[in-house]
$ cat start.cif   # mmCIF, C-alpha atoms and all ligand atoms
data_structure
loop_
_atom_site.label_atom_id
_atom_site.label_comp_id
_atom_site.auth_asym_id
_atom_site.auth_seq_id
_atom_site.Cartn_x
_atom_site.Cartn_y
_atom_site.Cartn_z
CA MET S 1304 -109.20 56.66 -46.20
CA THR S 1305 -106.11 54.50 -46.61
CA LYS S 1306 -103.83 54.77 -49.60
CA ILE S 1307 -103.35 51.34 -51.22
CA THR S 1308 -100.94 50.08 -53.92
CA ALA S 1309 -101.34 46.87 -55.92
CA LYS S 1310 -99.08 45.05 -58.36
CA ALA S 1311 -100.49 42.89 -61.16
CA HIS S 1312 -98.74 41.05 -63.95
CA SER S 1313 -99.57 41.11 -67.61
CA ASN S 1314 -100.69 37.83 -69.17
CA ILE S 1315 -100.39 36.19 -72.55
CA ALA S 1316 -103.33 34.14 -73.78
CA LEU S 1317 -102.61 30.58 -74.92
CA VAL S 1318 -106.28 30.04 -75.78
CA LYS S 1319 -107.58 33.42 -76.88
CA TYR S 1320 -110.56 35.59 -75.99
CA TRP S 1321 -111.97 37.38 -79.03
CA GLY S 1322 -115.67 38.19 -78.95
CA LYS S 1323 -118.29 38.57 -76.25
CA LYS S 1324 -121.69 37.04 -75.62
CA ASP S 1325 -122.63 40.15 -73.57
CA ASP S 1326 -120.88 43.45 -74.25
CA GLY S 1327 -122.16 45.27 -71.14
CA LEU S 1328 -121.01 42.55 -68.73
CA ARG S 1329 -117.94 41.58 -70.77
CA LEU S 1330 -118.97 37.93 -70.79
CA PRO S 1331 -116.64 36.18 -73.25
CA ALA S 1332 -117.94 34.02 -76.10
CA ASN S 1333 -115.53 31.25 -75.05
CA SER S 1334 -113.32 30.37 -72.10
CA SER S 1335 -109.62 31.21 -72.38
CA VAL S 1336 -106.29 30.21 -70.81
CA ALA S 1337 -103.30 32.48 -70.09
CA ILE S 1338 -99.88 32.63 -68.47
CA ALA S 1339 -99.05 35.58 -66.18
CA LEU S 1340 -95.64 37.13 -66.93
CA ASP S 1341 -93.37 37.89 -63.99
CA GLU S 1342 -91.31 40.62 -65.73
CA ALA S 1343 -94.23 42.63 -67.19
CA TYR S 1344 -96.39 44.36 -64.60
CA THR S 1345 -98.38 47.41 -63.54
CA LEU S 1346 -98.22 49.17 -60.18
CA THR S 1347 -101.23 51.26 -59.18
CA THR S 1348 -101.83 53.42 -56.12
CA VAL S 1349 -105.37 54.51 -55.22
CA ASP S 1350 -106.45 56.96 -52.55
CA PHE S 1351 -110.11 57.84 -51.89
CA ASP S 1352 -110.24 61.11 -50.00
CA GLU S 1353 -112.77 63.88 -49.39
CA SER S 1354 -110.11 66.42 -50.42
CA TYR S 1355 -110.42 65.34 -54.10
CA LYS S 1356 -113.19 67.26 -55.85
CA GLU S 1357 -112.88 65.09 -58.99
CA ASP S 1358 -111.16 61.79 -59.77
CA GLU S 1359 -107.51 62.42 -60.70
CA VAL S 1360 -105.98 59.76 -62.95
CA GLN S 1361 -102.35 59.61 -64.06
CA LEU S 1362 -100.13 57.08 -65.87
CA LEU S 1363 -96.49 57.82 -65.09
CA GLY S 1364 -94.09 57.98 -68.02
CA GLN S 1365 -96.60 57.18 -70.76
CA GLY S 1366 -99.77 59.22 -70.12
CA PHE S 1367 -103.39 58.12 -70.62
CA GLU S 1368 -105.59 59.01 -73.62
CA ASP S 1369 -108.91 60.70 -72.74
CA ASP S 1370 -110.93 57.54 -73.40
CA GLU S 1371 -108.64 55.56 -71.08
CA VAL S 1372 -109.17 58.10 -68.29
CA GLU S 1373 -112.94 57.69 -68.78
CA LYS S 1374 -112.60 53.88 -68.53
CA VAL S 1375 -110.66 54.21 -65.28
CA LYS S 1376 -113.25 56.62 -63.83
CA LYS S 1377 -116.06 54.27 -64.83
CA HIS S 1378 -114.27 51.46 -63.03
CA LEU S 1379 -113.89 53.64 -59.91
CA ASP S 1380 -117.67 54.22 -60.10
CA SER S 1381 -118.23 50.43 -60.01
CA VAL S 1382 -116.00 50.16 -56.94
CA ARG S 1383 -117.79 53.11 -55.25
CA LYS S 1384 -121.14 51.46 -55.95
CA LEU S 1385 -119.97 48.17 -54.38
CA ALA S 1386 -118.59 50.01 -51.34
CA SER S 1387 -121.56 52.42 -51.09
CA ILE S 1388 -119.32 55.49 -51.05
CA GLN S 1389 -119.21 58.68 -53.13
CA THR S 1390 -115.66 59.80 -52.34
CA LYS S 1391 -113.47 60.81 -55.29
CA ALA S 1392 -110.07 59.24 -55.76
CA LYS S 1393 -106.54 59.88 -56.95
CA VAL S 1394 -105.08 57.07 -59.08
CA VAL S 1395 -101.45 56.86 -60.19
CA SER S 1396 -100.28 53.95 -62.29
CA GLN S 1397 -97.00 52.79 -63.82
CA ASN S 1398 -96.23 50.03 -66.35
CA ASN S 1399 -92.75 48.57 -66.77
CA PHE S 1400 -93.52 47.91 -70.49
CA PRO S 1401 -95.18 49.85 -73.37
CA LYS S 1402 -98.95 50.22 -73.12
CA SER S 1403 -101.62 49.70 -75.82
CA ALA S 1404 -99.45 47.80 -78.22
CA GLY S 1405 -100.72 44.27 -77.79
CA MET S 1406 -98.83 43.83 -74.55
CA ALA S 1407 -101.88 43.42 -72.34
CA SER S 1408 -101.35 46.64 -70.41
CA SER S 1409 -105.12 46.69 -70.01
CA ALA S 1410 -104.94 43.28 -68.31
CA SER S 1411 -102.33 44.19 -65.70
CA GLY S 1412 -103.69 47.75 -65.51
CA PHE S 1413 -107.28 46.83 -64.67
CA ALA S 1414 -106.20 44.00 -62.36
CA ALA S 1415 -103.95 46.37 -60.37
CA LEU S 1416 -106.61 49.11 -60.38
CA SER S 1417 -109.33 46.71 -59.19
CA MET S 1418 -107.24 45.35 -56.35
CA ALA S 1419 -105.96 48.75 -55.19
CA ALA S 1420 -109.33 50.52 -55.50
CA ALA S 1421 -111.38 47.76 -53.87
CA ASN S 1422 -109.03 47.61 -50.89
CA ALA S 1423 -108.73 51.39 -50.64
CA ALA S 1424 -112.55 51.59 -50.56
CA GLY S 1425 -112.61 49.12 -47.66
CA LEU S 1426 -114.02 46.18 -49.59
CA GLN S 1427 -112.92 42.66 -48.72
CA LEU S 1428 -113.34 40.64 -51.89
CA SER S 1429 -112.46 36.99 -52.45
CA GLU S 1430 -110.08 36.19 -55.34
CA ARG S 1431 -113.08 35.14 -57.42
CA GLU S 1432 -114.97 38.39 -56.71
CA MET S 1433 -111.82 40.39 -57.50
CA SER S 1434 -111.48 38.56 -60.82
CA VAL S 1435 -115.11 39.39 -61.66
CA LEU S 1436 -114.49 43.07 -60.80
CA ALA S 1437 -111.33 43.16 -62.97
CA ARG S 1438 -113.20 41.45 -65.84
CA ASN S 1439 -115.74 44.27 -65.83
CA GLY S 1440 -112.88 46.72 -66.52
CA SER S 1441 -111.11 44.65 -69.17
CA GLY S 1442 -111.81 41.00 -69.96
CA SER S 1443 -108.22 39.79 -69.96
CA ALA S 1444 -107.66 41.49 -66.56
CA SER S 1445 -109.74 38.73 -64.92
CA ARG S 1446 -106.79 36.36 -65.59
CA SER S 1447 -104.20 38.70 -64.03
CA ILE S 1448 -105.91 38.38 -60.61
CA PRO S 1449 -105.09 34.68 -59.98
CA GLY S 1450 -101.88 34.82 -62.04
CA GLY S 1451 -99.92 31.62 -62.75
CA VAL S 1452 -101.53 29.61 -65.55
CA SER S 1453 -105.23 30.42 -65.37
CA VAL S 1454 -108.49 29.65 -67.07
CA TRP S 1455 -111.17 32.32 -67.41
CA HIS S 1456 -114.58 30.69 -67.57
CA THR S 1457 -117.24 31.80 -69.99
CA ALA S 1458 -120.67 31.94 -68.32
CA ASP S 1459 -124.12 33.44 -68.69
CA ASP S 1460 -124.10 35.60 -65.57
CA ASP S 1461 -121.77 38.16 -64.04
CA LEU S 1462 -120.57 36.25 -60.96
CA SER S 1463 -119.90 32.97 -62.77
CA SER S 1464 -117.38 34.39 -65.26
CA TYR S 1465 -114.06 34.57 -63.39
CA ALA S 1466 -110.52 33.22 -63.69
CA GLU S 1467 -108.70 30.73 -61.48
CA GLN S 1468 -105.30 29.03 -61.57
CA ILE S 1469 -104.94 25.59 -63.13
CA PRO S 1470 -102.03 23.18 -62.60
CA TYR S 1471 -99.23 22.71 -65.14
CA PRO S 1472 -96.17 20.44 -65.11
CA PRO S 1473 -93.55 22.37 -63.05
CA GLU S 1474 -90.75 20.32 -64.66
CA TRP S 1475 -91.45 22.10 -67.95
CA ASP S 1476 -89.90 25.25 -66.42
CA ILE S 1477 -92.04 27.41 -68.74
CA LYS S 1478 -90.44 30.64 -69.99
CA VAL S 1479 -91.98 33.29 -72.19
CA LEU S 1480 -89.86 35.64 -74.28
CA LEU S 1481 -91.61 38.90 -75.18
CA VAL S 1482 -90.17 39.83 -78.52
CA MET S 1483 -90.94 43.52 -78.84
CA ALA S 1484 -91.16 44.83 -82.38
CA GLU S 1485 -89.50 48.20 -82.99
CA ASP S 1486 -92.92 49.57 -83.80
CA THR S 1487 -94.44 49.93 -80.30
CA SER S 1488 -96.75 52.76 -81.31
CA ALA S 1489 -100.22 52.53 -79.81
CA LYS S 1490 -102.91 50.52 -81.56
CA LYS S 1491 -105.22 52.68 -83.69
CA VAL S 1492 -108.31 50.79 -82.54
CA SER S 1493 -108.79 49.58 -78.95
CA THR S 1494 -109.30 45.84 -78.42
CA THR S 1495 -112.80 46.60 -77.11
CA GLU S 1496 -113.75 48.30 -80.39
CA ALA S 1497 -112.00 45.71 -82.55
CA MET S 1498 -113.53 42.79 -80.66
CA ALA S 1499 -117.02 44.25 -80.99
CA MET S 1500 -116.71 43.53 -84.74
CA ALA S 1501 -115.48 39.91 -84.35
CA ALA S 1502 -118.85 38.40 -85.28
CA THR S 1503 -118.66 40.06 -88.72
CA SER S 1504 -116.06 37.44 -89.68
CA PRO S 1505 -117.73 34.62 -91.62
CA TYR S 1506 -115.57 32.23 -89.57
CA TYR S 1507 -116.54 33.56 -86.14
CA GLN S 1508 -119.04 30.90 -84.99
CA GLY S 1509 -116.68 28.09 -85.95
CA ALA S 1510 -113.76 29.87 -84.31
CA VAL S 1511 -115.62 30.09 -80.96
CA LEU S 1512 -116.37 26.34 -81.03
CA GLU S 1513 -112.74 25.65 -81.93
CA ALA S 1514 -111.52 27.65 -78.91
CA GLU S 1515 -113.53 25.44 -76.54
CA LYS S 1516 -112.02 22.31 -78.16
CA ASN S 1517 -108.57 23.84 -77.86
CA ILE S 1518 -109.05 24.44 -74.11
CA LEU S 1519 -109.69 20.71 -73.69
CA SER S 1520 -106.64 19.78 -75.81
CA LEU S 1521 -104.41 22.23 -73.93
CA ARG S 1522 -105.52 20.93 -70.54
CA GLU S 1523 -105.05 17.34 -71.70
CA ALA S 1524 -101.51 18.18 -72.86
CA MET S 1525 -100.74 19.70 -69.43
CA VAL S 1526 -102.12 16.68 -67.58
CA SER S 1527 -100.17 14.19 -69.71
CA GLY S 1528 -97.02 16.36 -69.86
CA ASP S 1529 -97.06 16.43 -73.67
CA TRP S 1530 -95.05 19.59 -74.51
CA LYS S 1531 -95.39 19.27 -78.28
CA ALA S 1532 -99.18 18.91 -78.07
CA PHE S 1533 -99.21 21.97 -75.75
CA GLY S 1534 -97.24 23.97 -78.34
CA LYS S 1535 -99.47 22.85 -81.21
CA VAL S 1536 -102.52 24.31 -79.43
CA ILE S 1537 -100.67 27.57 -78.71
CA GLU S 1538 -99.85 28.15 -82.38
CA ASP S 1539 -103.28 26.97 -83.62
CA GLU S 1540 -104.80 29.53 -81.28
CA CYS S 1541 -102.53 32.31 -82.54
CA TYR S 1542 -103.67 31.62 -86.11
CA ARG S 1543 -107.31 31.20 -85.01
CA LEU S 1544 -107.43 34.65 -83.36
CA HIS S 1545 -105.72 36.40 -86.25
CA SER S 1546 -107.84 34.64 -88.92
CA VAL S 1547 -110.91 36.14 -87.26
CA CYS S 1548 -109.23 39.58 -87.05
CA MET S 1549 -108.13 39.48 -90.69
CA THR S 1550 -111.59 38.45 -91.94
CA GLN S 1551 -113.77 40.73 -89.81
CA THR S 1552 -115.09 44.09 -91.08
CA PRO S 1553 -113.15 46.33 -91.13
CA ASN S 1554 -110.22 43.90 -91.52
CA ILE S 1555 -107.51 44.08 -88.89
CA LEU S 1556 -103.92 43.11 -89.52
CA TYR S 1557 -101.90 43.30 -86.31
CA TRP S 1558 -98.77 41.65 -87.69
CA ARG S 1559 -95.73 43.43 -89.10
CA GLY S 1560 -92.92 41.89 -91.18
CA VAL S 1561 -90.95 41.17 -88.02
CA THR S 1562 -93.87 39.19 -86.57
CA ILE S 1563 -93.68 36.67 -89.43
CA GLU S 1564 -89.86 36.68 -89.41
CA VAL S 1565 -90.00 35.52 -85.79
CA PHE S 1566 -92.52 32.75 -86.68
CA GLN S 1567 -90.11 31.54 -89.35
CA ALA S 1568 -87.16 31.62 -86.97
CA MET S 1569 -89.15 29.32 -84.64
CA TYR S 1570 -89.96 26.93 -87.53
CA ARG S 1571 -86.23 26.75 -88.36
CA LEU S 1572 -85.39 26.15 -84.71
CA ARG S 1573 -87.88 23.29 -84.53
CA ASP S 1574 -86.20 21.69 -87.57
CA GLN S 1575 -83.09 21.63 -85.38
CA GLY S 1576 -85.00 19.92 -82.56
CA VAL S 1577 -85.69 22.91 -80.26
CA GLU S 1578 -89.39 22.94 -79.38
CA ALA S 1579 -90.31 26.63 -78.94
CA PHE S 1580 -93.71 28.03 -79.92
CA PHE S 1581 -95.04 31.48 -80.87
CA THR S 1582 -98.21 33.39 -80.15
CA VAL S 1583 -99.38 36.98 -80.74
CA ASP S 1584 -102.13 39.07 -79.10
CA ALA S 1585 -103.61 42.28 -80.52
CA GLY S 1586 -100.37 43.86 -81.75
CA PRO S 1587 -97.18 43.10 -83.68
CA HIS S 1588 -95.16 41.63 -80.80
CA VAL S 1589 -94.49 37.90 -80.54
CA HIS S 1590 -94.51 35.86 -77.34
CA ILE S 1591 -92.33 32.77 -77.53
CA VAL S 1592 -93.21 29.97 -75.13
CA CYS S 1593 -90.29 27.62 -74.43
CA GLN S 1594 -88.62 25.59 -71.70
CA GLY S 1595 -85.87 27.04 -69.53
CA LYS S 1596 -83.30 24.63 -70.99
CA ASP S 1597 -83.90 26.04 -74.51
CA ILE S 1598 -83.89 29.75 -73.74
CA GLU S 1599 -80.34 30.43 -74.97
CA ALA S 1600 -81.01 28.63 -78.29
CA VAL S 1601 -84.18 30.69 -78.79
CA LYS S 1602 -82.38 33.97 -78.03
CA GLN S 1603 -79.58 33.01 -80.41
CA SER S 1604 -82.10 32.28 -83.22
CA LEU S 1605 -83.60 35.77 -82.84
CA LYS S 1606 -80.24 37.45 -83.48
CA SER S 1607 -80.67 37.08 -87.25
CA VAL S 1608 -84.12 38.75 -87.24
CA GLY S 1609 -84.22 42.49 -87.96
CA GLY S 1610 -86.81 44.92 -86.50
CA ILE S 1611 -86.72 43.61 -82.93
CA LYS S 1612 -86.50 46.37 -80.35
CA THR S 1613 -85.94 44.28 -77.28
CA VAL S 1614 -86.54 40.83 -75.84
CA ILE S 1615 -87.90 40.52 -72.29
CA GLU S 1616 -87.37 37.18 -70.61
CA CYS S 1617 -90.22 36.11 -68.33
CA GLY S 1618 -91.10 33.26 -66.04
CA ILE S 1619 -94.59 32.63 -64.72
CA GLY S 1620 -95.93 35.58 -62.71
CA GLU S 1621 -97.84 35.38 -59.46
CA GLY S 1622 -101.33 36.70 -58.80
CA ALA S 1623 -102.16 40.34 -58.12
CA LYS S 1624 -101.15 41.46 -54.64
CA LEU S 1625 -100.86 44.50 -52.40
CA VAL S 1626 -97.43 46.11 -52.00
CA SER S 1627 -96.19 48.80 -49.63
CA ASP S 1628 -94.34 51.18 -52.00
CA HIS S 1629 -96.84 53.87 -53.02
CA LEU S 1630 -96.49 55.88 -56.25
CA PHE S 1631 -97.49 59.16 -54.54
O1 LIG S 1701 -109.55 42.31 -72.49
P1 LIG S 1701 -108.70 42.94 -73.55
O2 LIG S 1701 -109.30 44.18 -74.09
O3 LIG S 1701 -107.28 43.10 -73.04
O4 LIG S 1701 -108.64 41.90 -74.80
C1 LIG S 1701 -107.67 40.91 -74.93
C2 LIG S 1701 -107.67 40.27 -76.27
C3 LIG S 1701 -106.46 39.45 -76.64
O5 LIG S 1701 -105.32 39.88 -75.93
C4 LIG S 1701 -106.17 39.63 -78.12
C5 LIG S 1701 -106.68 37.96 -76.39
C6 LIG S 1701 -106.66 37.51 -74.97
O6 LIG S 1701 -107.28 36.48 -74.68
O7 LIG S 1701 -105.95 38.13 -74.14
#
$ encode --input "start.cif" --output "structure tokens"
Amino acid sequence: MTKITAKAHSNIALVKYWGKKDDGLRLPANSSVAIALDEAYTLTTVDFDESYKEDEVQLLGQGFEDDEVEKVKKHLDSVRKLASIQTKAKVVSQNNFPKSAGMASSASGFAALSMAAANAAGLQLSEREMSVLARNGSGSASRSIPGGVSVWHTADDDLSSYAEQIPYPPEWDIKVLLVMAEDTSAKKVSTTEAMAMAATSPYYQGAVLEAEKNILSLREAMVSGDWKAFGKVIEDECYRLHSVCMTQTPNILYWRGVTIEVFQAMYRLRDQGVEAFFTVDAGPHVHIVCQGKDIEAVKQSLKSVGGIKTVIECGIGEGAKLVSDHLF
């Protein structure tokens, strides 16, 4: 069969996904909104061929853990089932950023894998069907299929829970700075395992309702072009996610000292009139959302913060697509 390579961008959630209403189908407890990041992506090449006796799975540069290999193989099984084939595959993947450290490598990874594997198996899926397939591998991957600014809908059945792009004011010239903490070591607990315990937080039910309200406020801010209201939701959502993490059993603290130092640098910057906002996924790294005109001021403000390994400047990334440069 044909060898296919796909490229998918990572995404940062503005309204967060944390908790499922159905673990098997990965149906999220609430809808979420994310921005795809143009400078953080995964490339994945898939080849189904009778010459492979077993699935071969490889992550260039970083290597996969055994449980990650199993997740990839399980996802290949879903694709084989859809395509009614039994052929084994070779999969080679490459990230241009550290994996498993709250940088959504699972999002770009499963989006790229879904697109490459489905096409290599001869399937012709719509964007919506591709988003559903990616969601079954990793929830946040559903949002890396449409790219741009997207909403991932919560729903009660498999085919109704997918992500699609939503409009945003282009004049904002949205930029996201990935502020990578020096500590990029892998997370001890996977997001799947950690999220499975979300409902043990006494604040969980309220937090899910709050997320739905925040989606409405965020969309309202984008329609009316209210940047400050947009930023308020982003930071409320950061604190909402981490309050659930910190109060679930066992407690999870993703932040490091540098994470809070960056928050404080943004508060100081706002006192000087620069409206830049922070958010954090399941790891210590901070994502700063700002406007293009303010990017130099934000970078300057980070110079006084210790413990930052690197800062990656991103614009809004496009949806997952096929590319012609294969990894093997
Ligand atoms: O689908 P996963 O396992 O990548 O979970 C993502 C969870 C968060 O990144 C913390 C929040 C989100 O909405 O992306």
$ residues_around --input "start.cif" --residues "S:His1545" --least-positions-apart "4" --cutoff "12 Å" --atoms "only C-alpha atoms" --output "list of chain:residue names"
S:Lys1319, S:Tyr1320, S:Trp1321, S:Ala1497, S:Met1498, S:Ala1501, S:Ser1504, S:Tyr1506, S:Tyr1507, S:Ala1510, S:Glu1538, S:Asp1539, S:Glu1540, S:Cys1541, S:Met1549, S:Thr1550, S:Gln1551, S:Asn1554, S:Ile1555, S:Leu1556, S:Tyr1557, S:Trp1558, S:Thr1582, S:Val1583, S:Asp1584, S:Ala1585, S:Gly1586, S:Pro1587
$ atom_distance --input "start.cif" --atom1 "atom CA of S:Ala1332" --atom2 "atom CA of S:Trp1530"
27.1 Å
$ closest_residue --input "start.cif" --among "S:Lys1356, S:Lys1374, S:Lys1393, S:Arg1431" --to "ligand LIG 1701 (chain S)" --atoms "only C-alpha atoms and all ligand atoms"
S:Lys1374
$ closest_atom_pairs --input "start.cif" --of "chain S" --to "ligand LIG 1701 (chain S)" --cutoff "8 Å" --atoms "all atoms listed in the file" --output "tab-separated table"
residue	atom	partner	partner_atom	distance
S:Asn1314	CA	S:LIG1701	O7	7.2
S:Ile1315	CA	S:LIG1701	O7	6.1
S:Ala1316	CA	S:LIG1701	O6	4.7
S:Leu1317	CA	S:LIG1701	O6	7.5
S:Val1318	CA	S:LIG1701	O6	6.6
S:Lys1319	CA	S:LIG1701	O6	3.8
S:Tyr1320	CA	S:LIG1701	O6	3.6
S:Trp1321	CA	S:LIG1701	C2	5.9
S:Ser1335	CA	S:LIG1701	O6	6.2
S:Val1336	CA	S:LIG1701	O6	7.4
S:Ala1337	CA	S:LIG1701	O6	7.3
S:Gly1405	CA	S:LIG1701	O5	6.6
S:Met1406	CA	S:LIG1701	O5	7.7
S:Ala1407	CA	S:LIG1701	O3	5.5
S:Ser1408	CA	S:LIG1701	O3	7.4
S:Ser1409	CA	S:LIG1701	O3	5.2
S:Ala1410	CA	S:LIG1701	O3	5.3
S:Arg1438	CA	S:LIG1701	O1	7.6
S:Ser1441	CA	S:LIG1701	O1	4.4
S:Gly1442	CA	S:LIG1701	O1	3.6
S:Ser1443	CA	S:LIG1701	O1	3.8
S:Ala1444	CA	S:LIG1701	O1	6.3
S:Ser1493	CA	S:LIG1701	O2	7.3
S:Thr1494	CA	S:LIG1701	O2	4.6
S:Thr1495	CA	S:LIG1701	O2	5.2
S:Met1498	CA	S:LIG1701	O4	7.7
S:Leu1544	CA	S:LIG1701	C4	7.3
S:Val1583	CA	S:LIG1701	C4	7.7
S:Asp1584	CA	S:LIG1701	C4	4.2
S:Ala1585	CA	S:LIG1701	C4	4.4
$ atom_distance --input "start.cif" --atom1 "atom CA of S:Ile1477" --atom2 "atom CA of S:Ile1598"
9.8 Å
$ residues_around --input "start.cif" --residues "stretch 1575-1581 of chain S" --least-positions-apart "5" --cutoff "8 Å" --atoms "all atoms listed in the file" --output "list of chain:residue names"
S:Lys1531, S:Gly1534, S:Lys1535, S:Ile1537, S:Glu1538, S:Cys1541, S:Phe1566, S:Met1569, S:Val1589, S:His1590, S:Ile1591, S:Val1592, S:Cys1593, S:Gln1594, S:Asp1597, S:Ala1600, S:Val1601
$ atom_distance --input "start.cif" --atom1 "atom CA of S:Ala1437" --atom2 "atom CA of S:Ala1392"
17.7 Å
$ residues_around --input "start.cif" --residues "S:Asp1461" --least-positions-apart "4" --cutoff "8 Å" --atoms "all atoms listed in the file" --output "PyMOL selection string"
chain S and resi 1328+1330+1435
$ axis_aligned_box --input "start.cif" --around "stretch 1483-1487 of chain S" --padding-each-side "8 Å" --output "JSON"
{"center_x": -92.0, "center_y": 46.7, "center_z": -81.3, "size_x": 20.9, "size_y": 22.4, "size_z": 21.0}
$ closest_residue --input "start.cif" --among "S:Val1482, S:Ala1499, S:Val1536, S:Val1395" --to "S:Ala1514" --atoms "all atoms listed in the file"
S:Val1536
$ residues_near_point --input "start.cif" --point "(-115.3, 64.0, -49.8)" --cutoff "10 Å" --atoms "all atoms listed in the file" --output "PDB file with C-alpha atoms, in the frame of the given file"
ATOM      1  CA  PHE S1351    -110.110  57.840 -51.890  1.00  0.00           C
ATOM      2  CA  ASP S1352    -110.240  61.110 -50.000  1.00  0.00           C
ATOM      3  CA  GLU S1353    -112.770  63.880 -49.390  1.00  0.00           C
ATOM      4  CA  SER S1354    -110.110  66.420 -50.420  1.00  0.00           C
ATOM      5  CA  TYR S1355    -110.420  65.340 -54.100  1.00  0.00           C
ATOM      6  CA  LYS S1356    -113.190  67.260 -55.850  1.00  0.00           C
ATOM      7  CA  GLU S1357    -112.880  65.090 -58.990  1.00  0.00           C
ATOM      8  CA  ILE S1388    -119.320  55.490 -51.050  1.00  0.00           C
ATOM      9  CA  GLN S1389    -119.210  58.680 -53.130  1.00  0.00           C
ATOM     10  CA  THR S1390    -115.660  59.800 -52.340  1.00  0.00           C
ATOM     11  CA  LYS S1391    -113.470  60.810 -55.290  1.00  0.00           C
ATOM     12  CA  ALA S1392    -110.070  59.240 -55.760  1.00  0.00           C
TER      13      ALA S1392
END
$ closest_residue --input "start.cif" --among "S:Lys1324, S:Lys1377, S:Arg1522, S:Lys1612" --to "S:Tyr1471" --atoms "only C-alpha atoms"
S:Arg1522
$ residues_near_point --input "start.cif" --point "(-92.2, 17.2, -67.9)" --cutoff "10 Å" --atoms "only C-alpha atoms" --output "list of chain:residue names"
S:Tyr1471, S:Pro1472, S:Pro1473, S:Glu1474, S:Trp1475, S:Asp1476, S:Met1525, S:Val1526, S:Ser1527, S:Gly1528, S:Asp1529, S:Trp1530, S:Gln1594
$ closest_residue --input "start.cif" --among "S:Lys1384, S:Asp1370, S:Ile1518, S:Met1418" --to "S:Val1454" --atoms "all atoms listed in the file"
S:Ile1518
$ residues_around --input "start.cif" --residues "S:Asn1398" --least-positions-apart "6" --cutoff "9 Å" --atoms "only C-alpha atoms" --output "list in words"
Ala1343, Tyr1344, Thr1345, Leu1346, Thr1347, Leu1362, Leu1363, Gly1364, Gln1365, Ser1408, Ser1411 and Gly1412 of chain S
$ closest_residue --input "start.cif" --among "S:Val1614, S:Leu1630, S:Val1394, S:Met1483" --to "S:Thr1562" --atoms "all atoms listed in the file"
S:Met1483
$ residues_around --input "start.cif" --residues "S:Val1452" --least-positions-apart "5" --cutoff "7 Å" --atoms "all atoms listed in the file" --output "short mmCIF file (atom, residue, chain, number, x, y, z; two decimals) with C-alpha atoms, keeping the file's coordinate frame"
data_model
loop_
_atom_site.label_atom_id
_atom_site.label_comp_id
_atom_site.auth_asym_id
_atom_site.auth_seq_id
_atom_site.Cartn_x
_atom_site.Cartn_y
_atom_site.Cartn_z
CA ALA S 1337 -103.30 32.48 -70.09
CA ILE S 1338 -99.88 32.63 -68.47
CA ALA S 1339 -99.05 35.58 -66.18
CA GLN S 1468 -105.30 29.03 -61.57
CA ILE S 1469 -104.94 25.59 -63.13
#
